[in-house]
Amino acid sequence: VGRAYREWMTTFSERPTLDVWFARADLEWMIGEIQKPGLRDALQRAGQRARVKDGEKASIKLTERVGDEWHFRTDPPTLVPLQGTDHLRTVADVFRRYRGTLPPDRVALLDRYSFVEAAVKVVGVGSVGTRAYAFLFQSGDGEPLILQAKQAEASVLEAHLPPSEYDHHGKRVVVGQRLIQSSSDPFLGWTRGDETLPFDFYFRQLWDMKGRIDARSLDLSSFEAYASVCAAALARAHARAGDASLIAGYLDQGKAFEHAIADYARSYTDLMISDYAEFEAWRQP
């Protein structure tokens, strides 16, 4: 995997700047890079699942139609529609500031939808303890749209690097995503709450074409091929956001980089096993 990343970074460093910027690492490209039929089939199935798990499926799962209008389902504590004038005024201010961060063409697209309601939404394990809200909109044709506002916190690298050029954590996340993704979510934006909600947030479309492959279903050679393609996609993202020539020069042509990555992976695995054993011992009666 480390070798694939290094070799692809060298390849990108030799390409014209615009070619790197517009290079795509989408599903079709990944399938084209795979020689193993079984893995190609797995990627295609993941892509099909991703196309299903989009905004339309989110709407079906999280909303219900009442007359001519969509509304959030009440499903505490996972999803709780906001009630009360004060709460609605706060989220309205949050949304207004978010709208101001969108390019004019995205504002024109968003303005085709009318706001219906907002809800508090519990997020995944990695974001437990942070604030997250869902915003429901509806077009004139009755099509629902769900946007999610997630609290953005300081980067874990912030304590070890010079200060970020962005004083807004949400903006840092959005700019980073736009840099590394050749086709990012059109509704990416950021906002900041008021004194009653003093946090940075970033907006995105909920469930925007997400898919995955169960690595446990792959044999060793298929897993290595899949990991190498992922390394190539990561190299493209880094080459697009950074300086491919500088990164390739740092990696050099030797094996020091991949050996360092492998050593780190093994030590991290040992740490996880140790932490889990400690957790198991703690929870035993």
# chains A, B, ... in the order shown; residues from 1 in each chain; ligands from 1
$ residues_around --residues "Leu246 of chain A" --least-positions-apart "4" --cutoff "10 Å" --atoms "only C-alpha atoms" --output "list in words"
Met9, Thr10, Ser13, Ala239, Gly242, Tyr250, Leu251 and Asp252 of chain A
$ select_by_dssp --residues "segment 184-251 of chain A" --states "helix (DSSP H, G or I)" --output "number ranges by chain"
A: 215-217, 220-241, 244-251
$ write_last_selection --atoms "C-alpha atoms" --output "short mmCIF file (atom, residue, chain, number, x, y, z; two decimals), in the first residue's frame"
data_model
loop_
_atom_site.label_atom_id
_atom_site.label_comp_id
_atom_site.auth_asym_id
_atom_site.auth_seq_id
_atom_site.Cartn_x
_atom_site.Cartn_y
_atom_site.Cartn_z
CA ALA A 215 -12.84 -6.13 3.59
CA ARG A 216 -13.52 -9.32 5.54
CA SER A 217 -15.06 -10.82 2.41
CA LEU A 220 -5.44 -11.65 0.73
CA SER A 221 -4.59 -10.85 -2.90
CA SER A 222 -7.94 -9.08 -3.44
CA PHE A 223 -7.47 -7.09 -0.25
CA GLU A 224 -3.98 -6.02 -1.37
CA ALA A 225 -5.35 -4.93 -4.75
CA TYR A 226 -8.19 -3.01 -3.14
CA ALA A 227 -5.85 -1.32 -0.67
CA SER A 228 -3.50 -0.32 -3.51
CA VAL A 229 -6.36 1.33 -5.42
CA CYS A 230 -7.37 3.19 -2.26
CA ALA A 231 -3.76 4.33 -1.86
CA ALA A 232 -3.85 5.63 -5.43
CA ALA A 233 -7.05 7.57 -4.72
CA LEU A 234 -5.46 9.06 -1.59
CA ALA A 235 -2.35 10.04 -3.54
CA ARG A 236 -4.53 11.83 -6.11
CA ALA A 237 -6.28 13.74 -3.35
CA HIS A 238 -2.99 14.79 -1.74
CA ALA A 239 -1.50 15.70 -5.13
CA ARG A 240 -4.53 17.88 -5.84
CA ALA A 241 -4.48 19.63 -2.48
CA ALA A 244 2.94 16.51 -5.76
CA SER A 245 6.58 17.18 -6.64
CA LEU A 246 7.41 18.21 -3.09
CA ILE A 247 5.64 15.17 -1.62
CA ALA A 248 7.26 12.79 -4.12
CA GLY A 249 10.67 14.26 -3.34
CA TYR A 250 10.10 13.75 0.38
CA LEU A 251 9.05 10.12 -0.16
#
$ atom_distance --atom1 "atom CA of Leu147 of chain A" --atom2 "atom CA of Gly170 of chain A"
14.8 Å
$ atom_distance --atom1 "atom CA of Val123 of chain A" --atom2 "atom CA of Phe72 of chain A"
15.9 Å
$ closest_residue --among "A:Asp75, A:Val173, A:Val91, A:Asp141" --to "Ser155 of chain A" --atoms "only C-alpha atoms"
A:Val173
$ residues_around --residues "Ile146 of chain A" --least-positions-apart "3" --cutoff "6 Å" --atoms "only C-alpha atoms" --output "NGL selection string"
:A and (135-136 or 206)
$ residues_around --residues "Gly189 of chain A" --least-positions-apart "4" --cutoff "12 Å" --atoms "only C-alpha atoms" --output "PyMOL selection string"
chain A and resi 94-103+106-107+110+147-150+152+168-178+184-185+200-205
$ atom_distance --atom1 "atom CA of Arg73 of chain A" --atom2 "atom CA of Ala134 of chain A"
11.7 Å
$ residues_around --residues "segment 61-71 of chain A" --least-positions-apart "3" --cutoff "9 Å" --atoms "only C-alpha atoms" --output "MDAnalysis selection string"
chainID A and resid 56:58 74:75 79 81 116:117 136:138 142:144
$ closest_residue --among "A:Pro186, A:Ala118, A:Ile60, A:Thr130" --to "Asp105 of chain A" --atoms "only C-alpha atoms"
A:Pro186
